[in-house]
Amino acid sequence: MTDSEYFDAIIIGGSYAGLSAAMALGRALRNVLILDSGLPCNRQTPHSHNFITQDGEKPSIIAQKAKAQVLKYSTVKFLDVLAVSGTISESGFKITTQTGESFKAKKLIFATGVKDIMPEIIGFAECWGISVIHCPYCHGYEVKGEKTGVLANGDFAFHYAQLIRNWTKELTIFTNGKSSMTAEQTDKITRHNIPIIEKEIAYLKHKNGAVEQIVFKDNSTFELKAIYSRPEFEQHCKIPETLGCELTEQGLLKVDMFQKTNVKNVFACGDNVSPMRSVSNAVSAGNIGGAMVNNALIEEEF
């Protein structure tokens, strides 16, 4: 492959959303280049759930199978490389990689996901995606009925208390400092016999990512099997912002129902646009994004 090649579309991000978009475009006979850094946000997660036909499979296996199927389409190419910059030109876009190569395309699809920002709690990062989890629909069944914590504060803590109680009544809220929940929220939680612990957390005691105890700064401990948490995040790729793509108040790329950003010919799909972070949602959004890019190309050509 030479950097003089001109593609119908460049897809930045080669995980579930990106591969799904590439399949739609490959089947539409489009010349597509996928650029992928190889750092999916769920790389520590041992199993994927709530995705029909793939329930319980390892995320990496799903991605490997998807990549093999997508690359059967001869017009789709895949490079394991980080995209570092992008510019708009008269003919479309130019994307430059970490290795210094440049590639041009008529359309861009960003399927770059988000980067989770780990809190300053020792052991949190090691447990993230294994026993510190964010989504009960993805992981709740596997820890149903277990002693479970919610590490959150404010509205997030209240929402998780409502939600996770469906999977276990052995539930405790850990605010890691003074609670910022309202009096009404606190009253509702306590009426459902859910304790609220406001102690500051020192670290998570775990074994190979399986949490065993929360250890507080006063040296007291709390035994449990799972913790729900939603850490802060940022966009994994900054190129969309440099091209002028708008973000939502939550820090997600702003798209319409057709996965279009506010920048002409730039599309986005997957975790970078949706708070519903799951493999199935990413695959669905990628399929729509790929079809919409092809539709845009058709309208230009006809």
# chains A, B, ... in the order shown; residues from 1 in each chain; ligands from 1
$ residues_around --residues "range 5-8 of chain A" --least-positions-apart "4" --cutoff "6 Å" --atoms "only C-alpha atoms" --output "list in words"
Asn31, Val32, Lys104, Ala105 and Lys106 of chain A
$ write_last_selection --atoms "all heavy atoms" --output "PDB file, in the first residue's frame"
ATOM      1  N   ASN A  31     -13.868   1.162  -1.692  1.00  0.00           N
ATOM      2  CA  ASN A  31     -12.474   1.046  -1.264  1.00  0.00           C
ATOM      3  C   ASN A  31     -12.332   1.705   0.100  1.00  0.00           C
ATOM      4  O   ASN A  31     -12.555   2.907   0.246  1.00  0.00           O
ATOM      5  CB  ASN A  31     -11.554   1.739  -2.283  1.00  0.00           C
ATOM      6  CG  ASN A  31     -11.501   0.984  -3.599  1.00  0.00           C
ATOM      7  OD1 ASN A  31     -11.325  -0.225  -3.614  1.00  0.00           O
ATOM      8  ND2 ASN A  31     -11.674   1.694  -4.699  1.00  0.00           N
ATOM      9  N   VAL A  32     -11.959   0.902   1.071  1.00  0.00           N
ATOM     10  CA  VAL A  32     -11.972   1.333   2.468  1.00  0.00           C
ATOM     11  C   VAL A  32     -10.629   1.024   3.120  1.00  0.00           C
ATOM     12  O   VAL A  32     -10.052  -0.051   2.910  1.00  0.00           O
ATOM     13  CB  VAL A  32     -13.093   0.610   3.253  1.00  0.00           C
ATOM     14  CG1 VAL A  32     -13.094   1.042   4.717  1.00  0.00           C
ATOM     15  CG2 VAL A  32     -14.445   0.871   2.624  1.00  0.00           C
ATOM     16  N   LYS A 104      -5.569   9.510   1.818  1.00  0.00           N
ATOM     17  CA  LYS A 104      -6.649  10.435   1.471  1.00  0.00           C
ATOM     18  C   LYS A 104      -7.950   9.682   1.244  1.00  0.00           C
ATOM     19  O   LYS A 104      -7.947   8.534   0.806  1.00  0.00           O
ATOM     20  CB  LYS A 104      -6.263  11.220   0.215  1.00  0.00           C
ATOM     21  CG  LYS A 104      -5.039  12.104   0.389  1.00  0.00           C
ATOM     22  CD  LYS A 104      -4.670  12.801  -0.910  1.00  0.00           C
ATOM     23  CE  LYS A 104      -3.419  13.661  -0.732  1.00  0.00           C
ATOM     24  NZ  LYS A 104      -3.031  14.327  -2.014  1.00  0.00           N
ATOM     25  N   ALA A 105      -9.054  10.356   1.558  1.00  0.00           N
ATOM     26  CA  ALA A 105     -10.362   9.730   1.381  1.00  0.00           C
ATOM     27  C   ALA A 105     -11.439  10.790   1.175  1.00  0.00           C
ATOM     28  O   ALA A 105     -11.283  11.948   1.580  1.00  0.00           O
ATOM     29  CB  ALA A 105     -10.711   8.872   2.588  1.00  0.00           C
ATOM     30  N   LYS A 106     -12.544  10.358   0.559  1.00  0.00           N
ATOM     31  CA  LYS A 106     -13.698  11.239   0.375  1.00  0.00           C
ATOM     32  C   LYS A 106     -14.474  11.416   1.675  1.00  0.00           C
ATOM     33  O   LYS A 106     -15.022  12.492   1.933  1.00  0.00           O
ATOM     34  CB  LYS A 106     -14.622  10.670  -0.702  1.00  0.00           C
ATOM     35  CG  LYS A 106     -13.982  10.502  -2.067  1.00  0.00           C
ATOM     36  CD  LYS A 106     -14.954   9.784  -3.015  1.00  0.00           C
ATOM     37  CE  LYS A 106     -14.294   9.492  -4.361  1.00  0.00           C
ATOM     38  NZ  LYS A 106     -15.200   8.717  -5.244  1.00  0.00           N
TER      39      LYS A 106
END
$ closest_atom_pairs --of "range 81-162 of chain A" --to "range 201-225 of chain A" --cutoff "8 Å" --atoms "only C-alpha atoms" --output "CSV"
residue,atom,partner,partner_atom,distance
A:Ile121,CA,A:Tyr203,CA,5.2
A:Ile122,CA,A:Tyr203,CA,4.5
A:Gly123,CA,A:Leu204,CA,4.9
A:Phe124,CA,A:Leu204,CA,6.4
A:Glu126,CA,A:Gly209,CA,5.3
A:Cys127,CA,A:Gly209,CA,4.1
A:Trp128,CA,A:Gly209,CA,7.4
A:Ile130,CA,A:Gly209,CA,6.0
A:Ser131,CA,A:Ala210,CA,5.3
A:Val132,CA,A:Val211,CA,7.6
A:Val143,CA,A:Lys225,CA,7.6
A:Glu146,CA,A:Lys225,CA,6.4
A:Lys147,CA,A:Leu224,CA,4.9
A:Thr148,CA,A:Leu224,CA,5.7
A:Gly149,CA,A:Leu224,CA,7.0
$ residues_around --residues "Ile52 in chain A" --least-positions-apart "2" --cutoff "12 Å" --atoms "only C-alpha atoms" --output "number ranges by chain"
A: 48-50, 54-57, 62, 138, 279-281, 283
$ closest_residue --among "A:Ile133, A:Ala226, A:Val84, A:Met257" --to "Ile12 in chain A" --atoms "only C-alpha atoms"
A:Val84
$ residues_around --residues "range 171-175 of chain A" --least-positions-apart "5" --cutoff "10 Å" --atoms "only C-alpha atoms" --output "VMD selection string"
chain A and resid 145 to 154 157 to 158 160 to 161 164 to 165 180 to 181 189 192 to 201 214 222 224 226 to 229
$ write_last_selection --atoms "C-alpha atoms" --output "compact mmCIF listing (two decimals), in the first residue's frame"
# COMPACT_ATOMS: atom_id res chain seq x y z
CA GLY A 145 -27.28 -11.80 44.23
CA GLU A 146 -23.65 -11.12 45.22
CA LYS A 147 -22.43 -8.51 47.68
CA THR A 148 -22.06 -5.55 45.38
CA GLY A 149 -20.91 -1.97 45.69
CA VAL A 150 -21.69 1.17 43.76
CA LEU A 151 -18.72 3.54 43.68
CA ALA A 152 -20.36 6.82 42.71
CA ASN A 153 -21.83 10.01 44.08
CA GLY A 154 -24.65 12.40 43.28
CA ALA A 157 -25.08 6.99 42.65
CA PHE A 158 -28.84 7.39 42.89
CA TYR A 160 -27.15 3.05 40.01
CA ALA A 161 -28.95 2.33 43.30
CA ILE A 164 -28.53 -2.41 40.30
CA ARG A 165 -31.12 -3.30 42.95
CA SER A 180 -23.57 14.91 47.28
CA MET A 181 -26.95 13.24 46.87
CA ILE A 189 -32.07 4.85 49.02
CA HIS A 192 -34.77 0.42 50.31
CA ASN A 193 -32.23 -0.68 52.95
CA ILE A 194 -29.24 0.32 50.85
CA PRO A 195 -26.43 1.61 53.09
CA ILE A 196 -24.45 4.70 52.10
CA ILE A 197 -20.80 4.74 53.20
CA GLU A 198 -19.04 8.11 52.90
CA LYS A 199 -15.54 7.02 53.97
CA GLU A 200 -12.65 7.82 51.67
CA ILE A 201 -11.20 4.78 49.89
CA ILE A 214 -12.57 -2.11 49.72
CA PHE A 222 -15.62 -4.00 53.38
CA LEU A 224 -17.66 -7.63 48.31
CA ALA A 226 -18.33 -6.63 42.41
CA ILE A 227 -18.35 -2.84 42.12
CA TYR A 228 -20.28 -0.74 39.64
CA SER A 229 -18.65 2.52 38.66
$ select_by_dssp --residues "range 199-231 of chain A" --states "strand (DSSP E or B)" --output "number ranges by chain"
A: 201-207, 210-216, 221-223, 226-229
$ closest_residue --among "A:Cys41, A:Asp116, A:Ile10, A:Lys77" --to "Ser102 in chain A" --atoms "only C-alpha atoms"
A:Ile10
$ residues_around --residues "Val70 in chain A" --least-positions-apart "4" --cutoff "7 Å" --atoms "only C-alpha atoms" --output "list in words"
Leu19, Ala22, Met23 and Ala66 of chain A
$ write_last_selection --atoms "N, CA and C atoms" --output "short mmCIF file (atom, residue, chain, number, x, y, z; two decimals), in the first residue's frame"
data_model
loop_
_atom_site.label_atom_id
_atom_site.label_comp_id
_atom_site.auth_asym_id
_atom_site.auth_seq_id
_atom_site.Cartn_x
_atom_site.Cartn_y
_atom_site.Cartn_z
N LEU A 19 -15.32 -2.11 12.34
CA LEU A 19 -15.40 -3.29 11.49
C LEU A 19 -16.80 -3.46 10.91
N ALA A 22 -17.08 -1.10 8.11
CA ALA A 22 -16.27 -1.58 6.99
C ALA A 22 -16.96 -2.71 6.24
N MET A 23 -17.66 -3.57 6.96
CA MET A 23 -18.37 -4.66 6.27
C MET A 23 -19.46 -4.10 5.36
N ALA A 66 -14.62 -10.95 13.53
CA ALA A 66 -15.16 -9.87 12.72
C ALA A 66 -14.12 -9.38 11.71
#
$ closest_residue --among "A:Glu142, A:Glu170, A:Glu120, A:Asp80" --to "Pro231 in chain A" --atoms "only C-alpha atoms"
A:Glu120
$ closest_residue --among "A:Ser179, A:Ala268, A:Ala83, A:Tyr137" --to "Ile95 in chain A" --atoms "only C-alpha atoms"
A:Ala83
$ atom_distance --atom1 "CA of Ala21 in chain A" --atom2 "CA of Gly289 in chain A"
5.9 Å
